[in-house]
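Trainee: mmCIF, C-alpha atoms, file input14.cif:
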```
data_protein
#
loop_
_atom_site.label_atom_id
_atom_site.label_comp_id
_atom_site.auth_asym_id
_atom_site.auth_seq_id
_atom_site.Cartn_x
_atom_site.Cartn_y
_atom_site.Cartn_z
CA MET A 1 -3.95 -0.88 -7.16
CA VAL A 2 -4.64 2.38 -8.89
CA THR A 3 -5.55 5.84 -7.68
CA LEU A 4 -8.19 7.73 -9.65
CA ASN A 5 -9.53 10.94 -8.18
CA GLY A 6 -8.81 9.95 -4.59
CA LEU A 7 -10.20 6.42 -4.76
CA VAL A 8 -8.06 3.33 -4.53
CA PHE A 9 -9.60 0.27 -6.15
CA PHE A 10 -8.54 -3.34 -5.82
CA PHE A 11 -9.78 -5.86 -8.38
CA VAL A 12 -9.17 -9.57 -8.04
CA ALA A 13 -10.98 -12.24 -10.03
CA PHE A 14 -10.79 -15.99 -9.63
CA SER A 15 -12.40 -18.97 -11.27
CA SER A 16 -16.02 -19.46 -10.29
CA ALA A 17 -15.25 -23.12 -9.57
CA SER A 18 -12.81 -22.43 -6.74
CA ALA A 19 -11.79 -19.22 -5.06
CA PHE A 20 -8.07 -19.84 -5.10
CA ALA A 21 -5.82 -22.86 -5.09
CA PRO A 22 -2.23 -21.61 -4.83
CA ILE A 23 0.70 -23.94 -5.32
CA SER A 24 3.14 -21.16 -4.60
CA SER A 25 3.69 -19.16 -1.43
CA ARG A 26 3.70 -16.02 -3.59
CA ALA A 27 0.32 -16.16 -5.25
CA PHE A 28 0.41 -12.63 -6.62
CA VAL A 29 3.43 -10.61 -7.61
CA ARG A 30 3.70 -7.35 -9.45
CA SER A 31 4.88 -8.08 -12.95
CA ASP A 32 6.26 -4.55 -13.16
CA ALA A 33 5.35 -1.10 -11.85
CA HIS A 34 2.15 -0.96 -13.83
CA GLY A 35 -0.06 -3.93 -13.04
CA LEU A 36 -0.77 -7.26 -11.39
CA ARG A 37 -0.25 -10.82 -12.55
CA MET A 38 -0.07 -14.28 -11.03
CA SER A 39 3.37 -15.52 -10.10
CA GLU A 40 4.88 -18.54 -11.82
CA GLY A 41 3.48 -21.77 -10.50
CA ALA A 42 0.21 -20.34 -9.24
CA ALA A 43 -3.25 -20.89 -10.65
CA GLU A 44 -4.02 -18.86 -13.75
CA PRO A 45 -5.84 -15.59 -12.98
CA VAL A 46 -9.22 -14.92 -14.49
CA MET A 47 -8.46 -11.21 -14.65
CA SER A 48 -5.38 -9.04 -14.78
CA ALA A 49 -5.05 -5.26 -14.52
CA GLY A 50 -2.66 -2.72 -15.89
CA TYR A 51 -2.34 1.03 -15.59
CA GLY A 52 -0.33 3.62 -17.43
CA SER A 53 0.12 7.38 -17.62
CA SER A 54 1.95 9.85 -19.79
CA THR A 55 2.80 13.54 -19.89
CA LEU A 56 3.89 13.65 -23.53
CA GLU A 57 2.86 16.93 -25.14
CA SER A 58 1.16 15.24 -28.07
CA THR A 59 -2.21 13.86 -26.94
CA LYS A 60 -1.99 11.10 -29.53
CA GLY A 61 1.46 10.13 -28.27
CA ALA A 62 0.48 10.42 -24.60
CA VAL A 63 -2.57 8.19 -24.97
CA ALA A 64 -0.63 5.65 -27.02
CA GLU A 65 2.09 5.53 -24.37
CA ALA A 66 -0.37 5.16 -21.49
CA VAL A 67 -2.25 2.35 -23.24
CA LYS A 68 0.99 0.57 -24.17
CA ILE A 69 2.24 0.67 -20.58
CA ALA A 70 -1.09 -0.52 -19.17
CA SER A 71 -1.52 -3.25 -21.80
CA SER A 72 1.89 -4.72 -21.01
CA SER A 73 0.49 -6.06 -17.71
CA LEU A 74 -2.62 -7.69 -19.18
CA SER A 75 -2.97 -11.38 -19.94
CA ASN A 76 -5.71 -10.78 -22.51
CA ALA A 77 -7.22 -7.93 -24.49
CA PRO A 78 -8.81 -5.29 -22.22
CA SER A 79 -12.52 -5.52 -21.45
CA ILE A 80 -12.91 -1.99 -20.08
CA ALA A 81 -10.87 1.19 -19.73
CA PHE A 82 -11.06 3.65 -16.83
CA VAL A 83 -9.47 6.86 -18.12
CA SER A 84 -8.69 10.38 -16.95
CA CYS A 85 -6.90 13.51 -18.06
CA THR A 86 -6.46 17.08 -16.92
CA VAL A 87 -8.57 19.83 -18.48
CA SER A 88 -5.45 21.39 -19.97
CA ARG A 89 -5.97 18.81 -22.73
CA ASP A 90 -8.64 18.81 -25.42
CA VAL A 91 -10.82 16.23 -23.66
CA ASP A 92 -12.69 15.10 -26.76
CA GLU A 93 -9.35 14.57 -28.51
CA VAL A 94 -8.25 12.45 -25.54
CA ARG A 95 -11.42 10.38 -25.85
CA LYS A 96 -10.97 9.87 -29.59
CA GLU A 97 -7.34 8.83 -29.15
CA PHE A 98 -8.28 6.27 -26.51
CA VAL A 99 -10.95 4.86 -28.83
CA ASP A 100 -8.32 4.54 -31.57
CA ALA A 101 -5.60 3.13 -29.29
CA LEU A 102 -7.78 0.49 -27.62
CA PRO A 103 -9.18 -2.62 -29.32
CA GLU A 104 -12.52 -2.15 -31.02
CA ASN A 105 -15.60 -1.85 -28.79
CA VAL A 106 -13.73 -1.53 -25.49
CA PRO A 107 -15.99 0.69 -23.31
CA ILE A 108 -14.52 3.81 -21.74
CA HIS A 109 -15.45 5.26 -18.36
CA GLY A 110 -13.73 8.54 -17.58
CA ILE A 111 -13.73 11.93 -15.88
CA THR A 112 -11.37 14.88 -15.94
CA SER A 113 -9.05 15.77 -13.08
CA SER A 114 -7.97 19.05 -11.53
CA GLY A 115 -4.37 20.08 -12.16
CA ALA A 116 -2.75 16.66 -12.19
CA LEU A 117 -3.19 12.91 -12.12
CA LEU A 118 -1.84 10.98 -9.13
CA SER A 119 0.51 8.10 -9.85
CA ASN A 120 3.22 6.06 -8.19
CA LYS A 121 5.56 8.72 -9.59
CA GLY A 122 3.70 11.51 -7.81
CA ALA A 123 1.40 14.18 -9.24
CA LEU A 124 1.63 14.42 -13.04
CA GLY A 125 0.52 17.76 -14.44
CA GLY A 126 -1.12 17.77 -17.86
CA ALA A 127 -1.22 13.98 -17.91
CA VAL A 128 -3.46 11.29 -19.34
CA GLY A 129 -3.89 7.94 -17.64
CA CYS A 130 -5.80 4.68 -17.85
CA LEU A 131 -6.59 1.54 -15.90
CA LEU A 132 -7.29 -1.49 -18.11
CA LEU A 133 -9.03 -4.69 -16.93
CA ASP A 134 -9.38 -7.85 -18.96
CA LYS A 135 -12.26 -9.90 -17.51
CA GLU A 136 -14.69 -10.54 -20.38
CA GLY A 137 -18.35 -10.26 -19.41
CA ALA A 138 -17.65 -8.80 -15.96
CA PHE A 139 -18.56 -5.19 -16.74
CA GLU A 140 -21.44 -3.27 -18.30
CA THR A 141 -21.49 0.47 -18.93
CA ALA A 142 -24.07 3.19 -19.49
CA TYR A 143 -23.68 6.86 -20.38
CA ASP A 144 -25.92 9.85 -20.94
CA SER A 145 -24.75 13.34 -21.85
CA GLU A 146 -27.13 15.06 -19.43
CA ASN A 147 -29.67 12.75 -17.76
CA GLY A 148 -28.57 10.48 -14.92
CA GLU A 149 -31.88 8.66 -14.76
CA ASN A 150 -31.52 7.58 -18.39
CA ALA A 151 -28.05 6.19 -17.68
CA VAL A 152 -29.31 4.28 -14.64
CA LEU A 153 -32.21 2.72 -16.57
CA SER A 154 -29.90 1.79 -19.43
CA LEU A 155 -27.51 0.09 -17.01
CA LYS A 156 -30.40 -1.79 -15.40
CA GLU A 157 -31.29 -3.31 -18.77
CA LYS A 158 -27.72 -4.52 -19.28
CA MET A 159 -27.02 -5.90 -15.78
CA ALA A 160 -29.97 -6.19 -13.41
CA SER A 161 -28.04 -7.31 -10.31
CA PRO A 162 -24.47 -6.01 -10.15
CA GLN A 163 -22.44 -6.33 -6.98
CA VAL A 164 -21.19 -2.74 -7.22
CA ILE A 165 -21.55 0.34 -9.44
CA PHE A 166 -18.98 2.98 -10.38
CA MET A 167 -20.31 6.47 -11.06
CA GLY A 168 -18.68 9.40 -12.84
CA ALA A 169 -20.65 12.65 -12.64
CA THR A 170 -20.31 16.44 -12.59
CA PRO A 171 -20.47 18.80 -9.59
CA GLY A 172 -23.96 19.13 -8.13
CA ALA A 173 -25.44 16.13 -9.93
CA GLU A 174 -24.07 13.37 -7.72
CA GLU A 175 -26.83 13.12 -5.10
CA GLY A 176 -29.62 12.92 -7.66
CA ILE A 177 -27.84 10.14 -9.56
CA ILE A 178 -27.13 8.23 -6.36
CA ALA A 179 -30.81 8.51 -5.41
CA SER A 180 -31.78 7.04 -8.78
CA ILE A 181 -29.27 4.21 -8.39
CA ASN A 182 -30.61 3.45 -4.92
CA GLU A 183 -34.14 3.31 -6.33
CA HIS A 184 -33.35 0.96 -9.20
CA PHE A 185 -30.45 -0.98 -7.59
CA PRO A 186 -31.45 -1.14 -3.90
CA GLY A 187 -28.59 -2.18 -1.64
CA VAL A 188 -25.90 -2.03 -4.34
CA PRO A 189 -22.82 -0.06 -3.20
CA VAL A 190 -21.85 2.97 -5.30
CA TYR A 191 -18.27 4.22 -5.73
CA GLY A 192 -16.97 6.94 -7.96
CA GLY A 193 -15.72 10.43 -8.49
CA THR A 194 -16.76 13.86 -9.62
CA ALA A 195 -15.28 15.38 -12.75
CA ALA A 196 -13.08 18.37 -11.94
CA ASP A 197 -11.40 21.33 -13.62
CA ASP A 198 -8.71 23.74 -12.49
CA ALA A 199 -10.80 26.75 -11.41
CA LEU A 200 -14.44 25.71 -10.93
CA SER A 201 -15.18 27.29 -14.30
CA GLY A 202 -17.33 24.46 -15.63
CA ASP A 203 -14.64 22.95 -17.87
CA TRP A 204 -15.03 19.52 -16.25
CA LYS A 205 -16.03 16.62 -18.49
CA VAL A 206 -17.34 13.07 -18.24
CA MET A 207 -16.15 10.68 -20.96
CA SER A 208 -17.47 7.59 -22.66
CA SER A 209 -16.48 5.84 -25.87
CA GLU A 210 -19.05 7.90 -27.78
CA SER A 211 -18.71 11.44 -26.45
CA VAL A 212 -17.70 13.86 -23.70
CA SER A 213 -20.06 16.17 -21.81
CA GLY A 214 -19.91 18.84 -19.13
CA THR A 215 -23.23 17.54 -17.77
CA GLY A 216 -22.75 13.82 -18.40
CA VAL A 217 -22.90 10.72 -16.25
CA SER A 218 -21.03 7.48 -16.82
CA LEU A 219 -21.83 4.27 -14.94
CA VAL A 220 -20.08 0.90 -14.71
CA ALA A 221 -21.73 -2.20 -13.27
CA VAL A 222 -19.40 -4.88 -11.91
CA GLY A 223 -20.65 -8.44 -12.11
CA PRO A 224 -20.29 -11.20 -9.51
CA SER A 225 -17.29 -12.88 -11.17
CA VAL A 226 -14.97 -10.11 -9.91
CA LYS A 227 -13.91 -10.07 -6.26
CA PHE A 228 -14.07 -6.42 -5.34
CA GLY A 229 -12.88 -4.16 -2.54
CA ALA A 230 -12.37 -0.41 -2.25
CA SER A 231 -11.08 2.20 0.15
CA MET A 232 -10.87 5.97 -0.07
CA LEU A 233 -7.64 7.82 0.58
CA GLY A 234 -7.60 11.56 1.15
CA PRO A 235 -4.37 13.56 0.64
CA TYR A 236 -4.79 15.46 3.91
CA THR A 237 -3.52 15.13 7.46
CA GLU A 238 -5.96 15.14 10.35
CA THR A 239 -5.60 17.97 12.88
CA GLU A 240 -6.76 18.29 16.48
CA LYS A 241 -9.11 21.14 15.58
CA THR A 242 -12.77 20.15 15.27
CA ALA A 243 -15.99 22.06 14.60
CA LYS A 244 -19.66 21.45 13.91
CA ALA A 245 -21.71 22.90 11.08
CA THR A 246 -24.70 24.30 12.99
CA LYS A 247 -26.65 25.86 10.12
CA THR A 248 -26.71 24.41 6.61
CA GLU A 249 -28.83 24.19 3.47
CA GLY A 250 -27.90 21.53 0.92
CA ARG A 251 -24.18 21.98 0.33
CA ARG A 252 -24.08 25.49 1.78
CA VAL A 253 -22.77 26.08 5.31
CA PHE A 254 -23.96 29.30 6.98
CA GLU A 255 -22.75 28.79 10.54
CA ILE A 256 -19.98 26.82 12.22
CA ASP A 257 -20.17 26.38 15.98
CA GLY A 258 -22.97 28.96 16.01
CA LYS A 259 -20.87 31.65 14.30
CA PRO A 260 -20.79 32.87 10.68
CA ALA A 261 -18.97 30.25 8.62
CA ALA A 262 -17.01 32.92 6.74
CA ASP A 263 -15.54 34.25 10.01
CA PHE A 264 -14.56 30.74 11.09
CA VAL A 265 -12.83 29.88 7.79
CA TYR A 266 -11.03 33.21 7.60
CA ALA A 267 -9.77 32.85 11.17
CA TRP A 268 -8.41 29.41 10.29
CA LEU A 269 -6.96 30.00 6.82
CA GLY A 270 -6.29 33.75 6.80
CA GLU A 271 -5.35 35.43 3.55
CA GLU A 272 -5.58 32.19 1.59
CA VAL A 273 -9.30 33.03 1.48
CA GLY A 274 -9.05 36.75 2.19
CA GLU A 275 -10.36 37.99 -1.14
CA SER A 276 -13.41 35.72 -1.02
CA TYR A 277 -14.00 36.63 2.64
CA ARG A 278 -14.14 40.34 1.86
CA ALA A 279 -15.89 40.27 -1.52
CA GLY A 280 -17.74 36.96 -1.43
CA GLY A 281 -17.14 33.95 -3.64
CA LEU A 282 -16.22 30.27 -3.73
CA ILE A 283 -13.24 29.00 -1.75
CA LEU A 284 -12.95 25.47 -3.14
CA PRO A 285 -9.84 26.18 -5.27
CA GLN A 286 -8.02 27.64 -2.26
CA THR A 287 -9.11 24.96 0.20
CA ALA A 288 -8.07 22.16 -2.14
CA GLN A 289 -4.48 23.07 -1.28
CA LYS A 290 -5.13 24.24 2.29
CA PRO A 291 -8.30 22.50 3.49
CA VAL A 292 -10.57 23.17 6.43
#
```
So that I can check it, write out the structure of this file as structure tokens.

Mentor:
Amino acid sequence: MVTLNGLVFFFVAFSSASAFAPISSRAFVRSDAHGLRMSEGAAEPVMSAGYGSSTLESTKGAVAEAVKIASSSLSNAPSIAFVSCTVSRDVDEVRKEFVDALPENVPIHGITSSGALLSNKGALGGAVGCLLLDKEGAFETAYDSENGENAVLSLKEKMASPQVIFMGATPGAEEGIIASINEHFPGVPVYGGTAADDALSGDWKVMSSESVSGTGVSLVAVGPSVKFGASMLGPYTETEKTAKATKTEGRRVFEIDGKPAADFVYAWLGEEVGESYRAGGLILPQTAQKPV
């Protein structure tokens, strides 16, 4: 299990000949804190996974450490790398170091995070991280620095009928890319995240093996040989307070419960959004820590 931008993904792969034939009551055990392997006496896994993170100041050292930790849980060389870092790093340097640290031609799918990466050690500020999977032939990737449609068509040529698609995009582009995926891959579930920065200043980036871009899209198709499941975890606690957005346009909310949305949010959050309430402006940075 690994958490990347609020999504928790579970990957399990078995032989296509038989789903699972355990000869041990403990089919899967964690080999350490960083991955998943079969226990002794069980059938050999078709795929293993490993994840690692690092907060070393040197980007070269941090990436090398993350890859080393993640690779220690793999049974074979990685087939794909899901990567992330905070925008306090030089993102293109992070990409280049992952390309150098991973075996040749391992595809990279990545987006930047806001403030920190989440791990089993808590939030790691200024970190880099990766999830490595080692099922050969199970994944295909596509990337375009600015055009989601191009990425979707490229992915279609590589894997016409995936069971699921991962998407990495930038703020505002997600719905258009999802619409294109739905057109060319009807019925295929889409999971993914949006690249983030620390202050909604446009410093977010999408990464591939070849480049990084503030307007890019990265896609991963997962083939049928991988048993897949996913759930989304939000870091917030539900409250008893409820409301209905009664006037909207796209992503903009003008009224809540028939009243100006700004009045509603200010009454709820107070001076956390006071400056934006009085002068106008975005409230996403403030509500990330104290959400509506």

Trainee: Neighbouring residues of stretch 261-266 of chain A were defined as those with any atom within 12 Å, considering only C-alpha atoms; residues of the same chain fewer than 2 positions away were excluded. Please report them as a count of residues only.

Mentor: 38

Trainee: For the file shown, report as a PyMOL selection string the outcome of the PyMOL selection byres ((chain A and resi 81-94) around 8) at residue level.

Mentor: chain A and resi 4+59-60+63+78-80+95-98+106-117+125-133+197-198+203-205+211-212

Trainee: Which value, in Å to one decimal, gives the distance between atom CA of A:Gln163 and atom CA of A:Val226?

Mentor: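 Spanning atom CA of A:Gln163 to atom CA of A:Val226 is a straight-line distance of 8.9 Å.
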
Trainee: List the spatial neighbours of A:Ala179 as a ChimeraX atom specification - criterion: any atom at most 12 Å away, only C-alpha atoms, same-chain residues fewer than 3 positions off excluded.

Mentor: /A:148-149,152,173-176,182-190

Trainee: Excluding A:Phe139 and residues on its chain fewer than 5 positions from it, collect all residues at most 7 Å away from it, counting all atoms listed in the file, and give them as number ranges by chain.

Mentor: A: 220-223

Trainee: Which value, in Å to one decimal, gives the distance between atom CA of A:Glu249 and atom CA of A:Asn150?

Mentor: 27.6 Å

Trainee: Enter the distance from atom CA of A:Leu200 to atom CA of A:Glu146, in Å, rounded to one decimal.

Mentor: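 Distance reported for this atom pair: 18.6 Å.
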
Trainee: Can you spell out as an NGL selection string the set of residues that the PyMOL selection byres ((chain A and resi 170) around 9) selects in the structure I just provided?

Mentor: :A and (111 or 168-169 or 171-174 or 193-196 or 204-206 or 214-217)

Trainee: Choose the residue, out of A:Ala123, A:Met232, A:Ser208, A:Pro224, that has the smallest atom-to-atom separation from A:Ser161; count all atoms listed in the file.

Mentor: A:Pro224

Trainee: Would you please work out which residue, of A:Glu238, A:Glu157, A:Glu210, A:Glu104, is nearest to A:Tyr143 when using only C-alpha atoms?

Mentor: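 Using only C-alpha atoms, the shortest distance to A:Tyr143 belongs to A:Glu210.
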
Trainee: How big is the axis-aligned box around the listed atoms of stretch 107-116 of chain A once 3 Å is added on each side, and where is its centre? Give both in Å to one decimal, as JSON.

Mentor:
```
{"center_x": -9.4, "center_y": 10.4, "center_z": -17.4, "size_x": 19.2, "size_y": 25.4, "size_z": 17.8}
```

Trainee: With only C-alpha atoms as the basis for distance, which of A:Ala49, A:Met167, A:Arg251, A:Gly137 is at the shortest distance from A:Ala151?

Mentor: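 Checking each of A:Ala49, A:Met167, A:Arg251, A:Gly137 against A:Ala151, counting only C-alpha atoms, the winner is A:Met167.
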
Trainee: Residues picked by the PyMOL selection byres ((chain A and resi 52) around 7) here, as a list in words?

Mentor: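 With the shown file as input, the PyMOL selection byres ((chain A and resi 52) around 7) matches His34, Gly50, Tyr51, Ser53, Ala66, Val67, Ile69, Ala70, Gly129, Cys130 and Leu131 of chain A.
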
Trainee: Given the choices A:Ile165, A:Leu118, A:Ala142, A:Leu219, which gets closest to A:Thr55 if the distance is worked out from all atoms listed in the file?

Mentor: A:Leu118
